[in-house]
file final-v2.txt (compact mmCIF, C-alpha atoms)
# COMPACT_ATOMS: atom_id res chain seq x y z
CA MET A 1127 134.42 93.46 128.08
CA ALA A 1128 133.82 96.60 130.10
CA THR A 1129 135.25 99.83 128.73
CA LYS A 1130 137.32 102.05 131.00
CA PRO A 1131 135.04 104.96 132.06
CA GLU A 1132 137.68 107.62 131.46
CA LEU A 1133 137.95 106.62 127.78
CA ILE A 1134 134.28 107.27 127.00
CA SER A 1135 133.85 110.30 129.28
CA SER A 1136 133.18 113.66 127.63
CA GLU A 1137 136.34 115.13 129.16
CA ASN A 1138 138.57 112.86 127.06
CA PRO A 1139 140.03 115.14 124.38
CA LYS A 1140 140.20 112.36 121.76
CA GLY A 1141 137.36 111.86 119.31
CA MET A 1142 134.46 114.19 118.64
CA THR A 1143 132.69 116.88 120.72
CA PRO A 1144 130.93 116.17 124.08
CA VAL A 1145 127.53 116.48 122.37
CA VAL A 1146 128.32 113.63 120.01
CA LYS A 1147 129.82 111.55 122.82
CA THR A 1148 126.74 111.95 125.03
CA VAL A 1149 124.38 110.97 122.20
CA VAL A 1150 126.55 108.01 121.22
CA ARG A 1151 126.69 106.77 124.84
CA PHE A 1152 122.87 106.58 124.82
CA ALA A 1153 122.48 105.27 121.25
CA MET A 1154 125.25 102.65 121.38
CA GLY A 1155 123.31 99.95 123.21
CA ILE A 1156 120.26 100.46 120.99
CA VAL A 1157 122.33 100.13 117.81
CA PHE A 1158 123.95 96.88 118.93
CA MET A 1159 120.65 95.49 120.22
CA PHE A 1160 118.95 96.29 116.91
CA GLY A 1161 121.75 94.60 114.97
CA TRP A 1162 121.48 91.42 117.04
CA TYR A 1163 117.68 91.53 116.74
CA ILE A 1164 117.94 91.68 112.92
CA ILE A 1165 120.37 88.74 112.95
CA ILE A 1166 118.57 86.47 115.44
CA TYR A 1167 115.07 87.09 114.05
CA GLY A 1168 116.37 86.77 110.46
CA HIS A 1169 114.31 83.63 109.77
CA LEU A 1170 111.08 85.26 110.99
CA THR A 1171 111.19 88.92 109.93
CA PRO A 1172 112.88 90.79 107.06
CA GLY A 1173 116.60 91.11 107.51
CA GLY A 1174 119.14 88.42 108.21
CA GLY A 1175 122.81 87.85 108.71
CA PHE A 1176 124.18 90.32 106.18
CA ALA A 1177 121.96 93.29 107.12
CA GLY A 1178 122.36 92.75 110.87
CA GLY A 1179 126.09 92.24 110.57
CA THR A 1180 126.43 95.50 108.67
CA ILE A 1181 124.45 97.28 111.41
CA LEU A 1182 126.83 95.88 114.03
CA ALA A 1183 129.83 96.98 111.94
CA CYS A 1184 128.24 100.46 111.73
CA GLY A 1185 128.06 100.42 115.53
CA TYR A 1186 131.78 99.71 115.84
CA VAL A 1187 132.53 102.40 113.23
CA LEU A 1188 130.40 104.83 115.25
CA LEU A 1189 132.42 103.98 118.38
CA THR A 1190 135.66 104.57 116.48
CA LEU A 1191 134.53 107.91 115.08
CA ALA A 1192 133.05 109.23 118.33
CA PHE A 1193 135.57 108.12 120.95
CA GLY A 1194 138.73 107.42 119.00
CA LYS A 1195 140.21 104.10 118.04
CA GLU A 1196 141.17 102.91 121.57
CA VAL A 1197 137.55 102.30 122.64
CA ALA A 1198 136.61 100.33 119.52
CA LEU A 1199 139.87 98.38 119.51
CA ALA A 1200 139.27 97.40 123.16
CA LYS A 1201 135.88 95.99 122.12
CA MET A 1202 137.17 94.27 118.98
CA SER A 1203 140.83 94.43 118.06
CA ASP A 1204 142.01 93.86 114.50
CA ARG A 1205 143.41 90.48 115.54
CA ALA A 1206 140.09 89.44 117.10
CA ALA A 1207 138.27 90.60 113.97
CA SER A 1208 140.49 88.48 111.77
CA ILE A 1209 140.09 85.42 114.05
CA ILE A 1210 136.27 85.77 114.12
CA ASP A 1211 136.18 86.26 110.33
CA ASN A 1212 138.27 83.16 109.66
CA SER A 1213 136.52 80.88 112.15
CA CYS A 1214 133.06 81.91 110.92
CA ALA A 1215 134.08 81.22 107.33
CA PHE A 1216 135.34 77.80 108.44
CA LEU A 1217 132.17 77.02 110.41
CA PHE A 1218 130.01 78.06 107.47
CA VAL A 1219 131.53 75.17 105.54
CA ALA A 1220 131.68 72.83 108.55
CA VAL A 1221 127.96 72.98 109.41
CA PRO A 1222 126.83 71.83 105.91
CA LEU A 1223 129.45 69.08 106.14
CA VAL A 1224 127.75 67.87 109.34
CA GLY A 1225 124.57 67.72 107.26
CA MET A 1226 126.42 65.34 104.97
CA ALA A 1227 126.50 62.78 107.80
CA PHE A 1228 122.67 62.83 107.80
CA GLY A 1229 122.22 62.72 104.04
CA TYR A 1230 123.61 65.36 101.73
CA PHE A 1231 125.55 68.64 101.75
CA PHE A 1232 123.51 71.63 103.07
CA LEU A 1233 120.86 69.34 104.58
CA ASN A 1234 118.69 71.09 107.16
CA PHE A 1235 119.26 68.27 109.65
CA PRO A 1236 117.92 69.43 113.07
CA PRO A 1237 114.16 69.19 113.78
CA HIS A 1238 112.37 72.18 112.30
CA GLY A 1239 110.20 73.01 115.29
CA LYS A 1240 106.99 75.02 115.24
CA PRO A 1241 106.88 77.76 112.58
CA PHE A 1242 107.07 81.38 113.86
CA ASP A 1243 108.94 80.26 117.00
CA LEU A 1244 112.30 81.84 117.76
CA VAL A 1245 113.99 78.43 117.84
CA SER A 1246 112.73 76.95 114.60
CA ALA A 1247 113.81 76.33 111.02
CA GLY A 1248 116.72 74.03 111.90
CA VAL A 1249 120.12 75.40 110.93
CA ILE A 1250 118.91 78.64 109.29
CA PRO A 1251 119.28 80.80 112.47
CA LEU A 1252 122.75 79.30 112.96
CA TYR A 1253 123.76 80.30 109.43
CA ASN A 1254 122.35 83.78 110.07
CA ILE A 1255 124.44 84.19 113.22
CA LEU A 1256 127.59 82.93 111.46
CA ILE A 1257 127.12 85.26 108.49
CA GLY A 1258 126.33 88.15 110.83
CA LEU A 1259 129.51 87.68 112.87
CA LYS A 1260 131.57 87.23 109.72
CA VAL A 1261 130.21 90.38 108.07
CA THR A 1262 130.62 92.41 111.29
CA SER A 1263 134.24 91.47 111.77
CA SER A 1264 135.27 91.73 108.13
CA LEU A 1265 133.62 95.11 107.45
CA PHE A 1266 135.04 96.55 110.67
CA ALA A 1267 138.46 95.17 109.73
CA ILE A 1268 138.20 96.88 106.33
CA PHE A 1269 137.30 100.15 108.04
CA LEU A 1270 140.30 99.78 110.34
CA ALA A 1271 142.58 98.97 107.43
CA LEU A 1272 141.39 101.95 105.41
CA SER A 1273 141.18 104.60 108.12
CA ILE A 1274 143.71 103.73 110.83
CA PHE A 1275 146.31 101.39 109.41
CA GLY A 1276 146.16 102.96 105.94
CA ARG A 1277 147.50 106.27 107.18
CA PHE A 1278 150.98 105.47 105.88
CA VAL A 1279 150.95 107.63 102.77
CA SER A 1280 148.86 110.47 104.23
CA LYS A 1281 151.16 110.60 107.27
CA LEU A 1282 154.11 111.05 104.92
CA VAL A 1283 152.20 113.86 103.18
CA GLU A 1284 151.61 115.56 106.54
CA GLU A 1285 155.29 115.24 107.41
CA ALA A 1286 156.23 116.75 104.06
CA GLU A 1287 153.87 119.66 104.77
CA GLU A 1288 155.44 120.21 108.17
CA GLU A 1289 158.91 120.23 106.68
CA GLU A 1290 157.88 122.96 104.30
CA MET B 1324 100.60 105.23 92.16
CA VAL B 1325 103.66 103.11 92.84
CA GLU B 1326 104.77 103.49 89.21
CA THR B 1327 104.62 107.30 89.44
CA PHE B 1328 106.65 107.25 92.62
CA LEU B 1329 109.19 104.91 91.03
CA PHE B 1330 109.56 107.25 88.04
CA VAL B 1331 110.22 110.18 90.40
CA LEU B 1332 112.82 108.07 92.23
CA LEU B 1333 114.42 107.07 88.91
CA ILE B 1334 114.76 110.72 87.86
CA PHE B 1335 116.22 111.45 91.30
CA MET B 1336 118.77 108.64 90.85
CA ILE B 1337 119.77 109.77 87.36
CA VAL B 1338 120.25 113.37 88.52
CA GLY B 1339 122.27 112.14 91.51
CA SER B 1340 124.57 110.01 89.36
CA ILE B 1341 125.10 112.81 86.83
CA ILE B 1342 126.07 115.15 89.67
CA ALA B 1343 128.36 112.45 91.11
CA ILE B 1344 130.18 112.12 87.78
CA GLU B 1345 130.32 115.76 86.81
CA THR B 1346 131.19 117.52 90.05
CA LYS B 1347 134.82 118.47 90.60
CA ASN B 1348 134.82 118.03 94.38
CA LEU B 1349 135.39 114.42 95.47
CA LEU B 1350 133.43 114.85 98.72
CA SER B 1351 130.27 116.12 97.00
CA SER B 1352 130.63 113.30 94.48
CA VAL B 1353 130.61 110.75 97.32
CA ILE B 1354 127.54 112.39 98.87
CA SER B 1355 125.72 112.26 95.50
CA CYS B 1356 126.44 108.52 95.40
CA GLY B 1357 124.66 108.38 98.76
CA ILE B 1358 121.59 110.01 97.16
CA VAL B 1359 121.49 107.20 94.60
CA GLY B 1360 121.77 104.58 97.32
CA ALA B 1361 118.94 106.07 99.39
CA ALA B 1362 116.68 106.26 96.31
CA VAL B 1363 117.45 102.63 95.42
CA SER B 1364 116.57 101.55 98.94
CA ILE B 1365 113.21 103.38 98.86
CA ALA B 1366 112.52 101.83 95.44
CA PHE B 1367 113.15 98.33 96.84
CA LEU B 1368 110.77 99.09 99.70
CA MET B 1369 108.10 100.25 97.22
CA LEU B 1370 108.54 97.07 95.18
CA GLY B 1371 107.93 94.93 98.26
CA ALA B 1372 111.45 93.73 99.06
CA PRO B 1373 112.10 94.87 102.66
CA ASP B 1374 115.05 92.47 103.10
CA ILE B 1375 117.00 94.08 100.29
CA ALA B 1376 115.89 97.58 101.31
CA ILE B 1377 117.35 97.11 104.82
CA THR B 1378 120.60 95.70 103.46
CA GLN B 1379 120.89 98.44 100.84
CA VAL B 1380 120.39 101.34 103.24
CA VAL B 1381 122.77 99.93 105.87
CA VAL B 1382 125.53 99.06 103.39
CA GLU B 1383 125.13 102.50 101.80
CA ILE B 1384 125.63 104.21 105.18
CA LEU B 1385 128.75 102.17 105.94
CA ILE B 1386 130.23 102.71 102.48
CA LEU B 1387 129.53 106.44 102.66
CA VAL B 1388 131.34 106.68 106.01
CA ILE B 1389 134.30 104.66 104.70
CA LEU B 1390 134.49 106.68 101.46
CA ILE B 1391 134.29 110.02 103.28
CA ARG B 1392 137.04 108.83 105.64
CA ALA B 1393 139.14 107.78 102.65
CA THR B 1394 138.54 110.90 100.55
CA ILE B 1395 139.26 113.26 103.44
CA THR B 1396 142.45 111.52 104.50
CA ILE B 1397 143.81 111.42 100.97
CA ASP B 1398 144.17 115.11 100.23
CA ASN B 1399 143.25 114.90 96.56
CA THR B 1400 139.80 116.43 96.33
CA ALA B 1401 140.08 118.32 93.03
CA ILE B 1402 140.14 116.30 89.81
CA GLU B 1403 140.96 117.73 86.42
CA ALA B 1404 138.65 116.12 83.86
CA HIS B 1405 139.66 115.49 80.28
CA TRP B 1406 137.96 113.55 77.50
CA ASP B 1407 139.36 110.26 76.24
CA THR B 1408 137.92 110.12 72.71
CA PHE B 1409 138.64 106.44 72.10
CA ALA B 1410 136.97 105.37 75.36
CA VAL B 1411 133.88 107.49 74.67
CA VAL B 1412 133.48 106.26 71.08
CA SER B 1413 134.01 102.59 71.96
CA SER B 1414 131.55 102.76 74.87
CA LEU B 1415 128.96 104.42 72.62
CA ILE B 1416 129.40 101.70 69.98
CA PHE B 1417 129.06 98.94 72.58
CA PHE B 1418 126.05 100.64 74.13
CA GLY B 1419 124.37 100.86 70.72
CA LEU B 1420 125.08 97.18 70.04
CA PHE B 1421 123.70 96.32 73.46
CA LEU B 1422 120.51 98.28 72.78
CA VAL B 1423 119.96 96.54 69.41
CA PHE B 1424 120.46 93.04 70.79
CA ALA B 1425 118.50 93.79 73.96
CA PHE B 1426 115.59 95.00 71.82
CA LEU B 1427 115.74 91.79 69.77
CA ALA B 1428 115.98 89.61 72.87
CA VAL B 1429 113.17 91.29 74.80
CA GLN B 1430 110.74 90.56 71.95
CA GLU B 1431 111.44 86.84 72.33
CA LEU B 1432 110.72 86.84 76.07
CA PRO B 1433 107.41 85.40 77.23
CA PRO B 1434 105.03 87.81 79.00
CA PHE B 1435 105.62 88.42 82.71
CA GLY B 1436 104.67 85.45 84.89
CA GLN B 1437 103.56 83.39 81.90
CA PRO B 1438 105.47 80.10 82.23
CA LEU B 1439 103.80 80.05 85.67
CA MET B 1440 107.16 80.45 87.46
CA ARG B 1441 107.44 76.76 88.29
CA VAL B 1442 110.48 76.94 90.56
CA SER B 1443 109.44 79.98 92.57
CA LYS B 1444 105.88 78.63 92.92
CA GLU B 1445 107.36 75.49 94.48
CA TYR B 1446 109.40 77.60 96.92
CA LEU B 1447 106.45 79.77 97.92
CA GLN B 1448 104.06 76.85 98.42
CA THR B 1449 106.29 74.36 100.23
CA GLY B 1450 108.94 76.65 101.76
CA LEU B 1451 107.33 76.85 105.19
CA GLN B 1452 106.77 73.10 105.60
CA LYS B 1453 110.12 72.09 104.19
CA THR B 1454 112.34 74.50 106.12
CA GLY B 1455 110.18 75.82 108.97
CA ALA B 1456 111.38 79.39 108.35
CA ALA B 1457 108.61 82.00 108.36
CA ASN B 1458 110.68 84.43 106.27
CA VAL B 1459 110.66 82.85 102.82
CA VAL B 1460 113.68 84.87 101.72
CA ALA B 1461 115.77 83.31 104.50
CA ALA B 1462 114.40 79.89 103.54
CA ILE B 1463 115.48 80.38 99.93
CA ILE B 1464 118.94 81.88 100.43
CA LEU B 1465 119.99 79.64 103.32
CA ASP B 1466 118.30 76.35 102.48
CA PHE B 1467 117.12 75.93 98.87
CA ARG B 1468 119.94 78.07 97.49
CA GLY B 1469 122.58 77.28 100.10
CA TYR B 1470 125.33 76.89 97.53
CA ASP B 1471 124.74 80.47 96.35
CA THR B 1472 125.22 81.78 99.87
CA LEU B 1473 128.32 79.65 100.32
CA GLY B 1474 129.78 81.15 97.16
CA GLU B 1475 128.82 84.63 98.31
CA ALA B 1476 130.51 84.10 101.68
CA THR B 1477 133.60 82.83 99.84
CA VAL B 1478 133.64 85.96 97.66
CA ILE B 1479 133.45 88.21 100.75
CA PHE B 1480 136.15 86.19 102.51
CA VAL B 1481 138.56 86.27 99.56
CA SER B 1482 138.02 89.97 98.86
CA ILE B 1483 138.60 90.90 102.51
CA LEU B 1484 141.73 88.73 102.51
CA GLY B 1485 143.01 90.42 99.35
CA SER B 1486 142.36 93.94 100.57
CA PHE B 1487 144.05 93.17 103.87
CA VAL B 1488 147.12 91.92 102.05
CA ILE B 1489 147.23 95.10 99.97
CA LEU B 1490 146.35 97.58 102.71
CA ARG B 1491 148.37 96.31 105.65
CA ARG B 1492 151.09 98.60 106.74
CA ARG B 1493 154.03 96.25 106.80
CA GLY B 1494 154.46 92.70 105.61
CA ARG B 1495 155.68 89.71 107.57
CA LYS B 1496 159.03 89.81 105.80
CA ARG B 1497 161.32 92.74 106.31
CA ARG B 1498 161.81 94.68 103.10
CA THR B 1499 165.37 94.66 101.86
CA GLU B 1500 167.26 96.66 99.30
CA ALA B 1501 167.27 93.71 96.90
CA ASP B 1502 163.43 93.61 96.93
CA THR B 1503 163.26 97.29 96.09
CA GLU B 1504 165.43 96.81 93.04
CA LYS B 1505 163.89 93.51 91.97
CA VAL B 1506 160.18 94.31 92.24
CA GLY B 1507 160.35 98.06 91.89
CA ILE B 1508 158.64 98.78 95.22
CA LEU B 1509 159.23 102.34 96.34
CA SER B 1510 161.20 102.72 99.52
CA GLU B 1511 159.95 105.08 102.22
CA ALA B 1512 162.38 107.81 101.23
CA GLU B 1513 161.31 107.57 97.60
CA ILE B 1514 157.61 107.86 98.47
CA ARG B 1515 158.44 110.89 100.59
CA GLU B 1516 160.32 112.37 97.66
CA ASP B 1517 157.45 111.73 95.24
CA TYR B 1518 154.76 113.15 97.49
CA GLY B 1519 156.96 116.10 98.35
CA ASP B 1520 157.25 116.84 94.63
CA LEU B 1521 153.52 116.41 94.12
CA ARG B 1522 152.75 118.91 96.84
CA GLU B 1523 154.77 121.56 95.02
call {"tool": "encode", "arguments": {"input": "final-v2.txt", "output": "structure tokens"}}
result
Amino acid sequence: MATKPELISSENPKGMTPVVKTVVRFAMGIVFMFGWYIIIYGHLTPGGGFAGGTILACGYVLLTLAFGKEVALAKMSDRAASIIDNSCAFLFVAVPLVGMAFGYFFLNFPPHGKPFDLVSAGVIPLYNILIGLKVTSSLFAIFLALSIFGRFVSKLVEEAEEEE
Amino acid sequence: MVETFLFVLLIFMIVGSIIAIETKNLLSSVISCGIVGAAVSIAFLMLGAPDIAITQVVVEILILVILIRATITIDNTAIEAHWDTFAVVSSLIFFGLFLVFAFLAVQELPPFGQPLMRVSKEYLQTGLQKTGAANVVAAIILDFRGYDTLGEATVIFVSILGSFVILRRRGRKRRTEADTEKVGILSEAEIREDYGDLRE
């Protein structure tokens, strides 16, 4: 989904300073690409679903901190995060159940392919992608819950300060 | 060489954790926790575990950002410390017991690598043919030890679910007066009153 240009422009008063926004505009694509690289190459190089998913969640947190919550919520809203989290958790049980049709639970049923190829190792890349998406959405949802939706008490404190 | 470096890192970690416990400012305490995390990640890298080093450093960054967000928004950065004698004495007793039994148990352990590590040898020798994954860590956690990962994913899922239930701003059901009396939940006006009093 394309972001509205006026939201990520340096003139937008929300978020951090123009220096930070300019750097983040350049770094953003690299951060997300690195996260997906760690996830997709998880069965060949060090890393995997959890590490790559945390990098992607860091990318969304960076977007939230630099440009304000509208930009990050347009990329992944809290509802989308919860749907992705739930469906990935479901699929992580469903794929081993498919293996049960071929033999037993958690069977690596597809052909393994040539070692060191990108498409190899059967279901392991699929598990990596599922775990990566699940970790991304759930960690970003926790960040949203703690920093944006959890403002209830601190907002009341601010109001009490203003009244004084 | 590696051992010397690890000892330096260990001293670094211990100093960082002591600062994190003893400092009065919550923000500097959080940053000292970050020192510990960075040192742990370098130690994992030195010990030849790049998978865990990557995960450790990334999770540490995310947790540091979340904790700084949380500590800055909640305006409670100065903590008054006081000693709880019973807690200190009981932890010392338990720590002493642990040391005694750990010393006894370690003497019974076989030397490192002695029972020839039958299970891990099997994984290292046949992991590539059996799973086709070049990264043997991925082969172990997602194929040989798939149930472990399933349990781990369940733990993450349930903990996220629980924290969402606690942290969400308003529930599905509208809160009524009867609930406030029955369960003892503070109403908005009461919270405002409490925090107003605390500010003074």
call {"tool": "atom_distance", "arguments": {"input": "final-v2.txt", "atom1": "atom CA of B:Ile1377", "atom2": "atom CA of A:Val1249"}}
result
22.7 Å
call {"tool": "interface_residues", "arguments": {"input": "final-v2.txt", "of": "chain A", "to": "chain B", "cutoff": "6 Å", "atoms": "only C-alpha atoms", "output": "list in words"}}
result
His1169, Leu1170, Thr1171, Pro1172, Gly1173, Ala1177, His1238, Pro1241, Phe1242, Ala1247 and Ala1286 of chain A
call {"tool": "atom_distance", "arguments": {"input": "final-v2.txt", "atom1": "atom CA of A:Ile1165", "atom2": "atom CA of A:Tyr1253"}}
result
9.8 Å
call {"tool": "closest_residue", "arguments": {"input": "final-v2.txt", "among": "B:Leu1420, B:Lys1347, B:Lys1444, B:Leu1333", "to": "B:Ala1366", "atoms": "only C-alpha atoms"}}
result
B:Leu1333
call {"tool": "closest_residue", "arguments": {"input": "final-v2.txt", "among": "A:Ile1156, A:Val1149, A:Leu1259, A:Ala1271", "to": "A:Ser1213", "atoms": "only C-alpha atoms"}}
result
A:Leu1259
call {"tool": "closest_residue", "arguments": {"input": "final-v2.txt", "among": "A:Val1150, A:Leu1199, A:Lys1260, A:Ala1192", "to": "A:Ala1215", "atoms": "only C-alpha atoms"}}
result
A:Lys1260
call {"tool": "closest_residue", "arguments": {"input": "final-v2.txt", "among": "A:Tyr1230, A:Tyr1167, A:Phe1158, A:Phe1216", "to": "A:Cys1184", "atoms": "only C-alpha atoms"}}
result
A:Phe1158
call {"tool": "residues_around", "arguments": {"input": "final-v2.txt", "residues": "A:Leu1182", "least_positions_apart": "4", "cutoff": "7 Å", "atoms": "only C-alpha atoms", "output": "count of residues only"}}
result
5
call {"tool": "residues_around", "arguments": {"input": "final-v2.txt", "residues": "B:Gly1339", "least_positions_apart": "3", "cutoff": "9 Å", "atoms": "all atoms listed in the file", "output": "CSV table (one decimal) with C-alpha atoms, keeping the file's coordinate frame"}}
result
chain,number,residue,atom,x,y,z
B,1334,ILE,CA,114.8,110.7,87.9
B,1335,PHE,CA,116.2,111.4,91.3
B,1336,MET,CA,118.8,108.6,90.8
B,1342,ILE,CA,126.1,115.2,89.7
B,1343,ALA,CA,128.4,112.4,91.1
B,1344,ILE,CA,130.2,112.1,87.8
B,1352,SER,CA,130.6,113.3,94.5
B,1355,SER,CA,125.7,112.3,95.5
B,1356,CYS,CA,126.4,108.5,95.4
B,1357,GLY,CA,124.7,108.4,98.8
B,1358,ILE,CA,121.6,110.0,97.2
B,1359,VAL,CA,121.5,107.2,94.6
call {"tool": "atom_distance", "arguments": {"input": "final-v2.txt", "atom1": "atom CA of B:Glu1475", "atom2": "atom CA of A:Phe1232"}}
result
14.8 Å
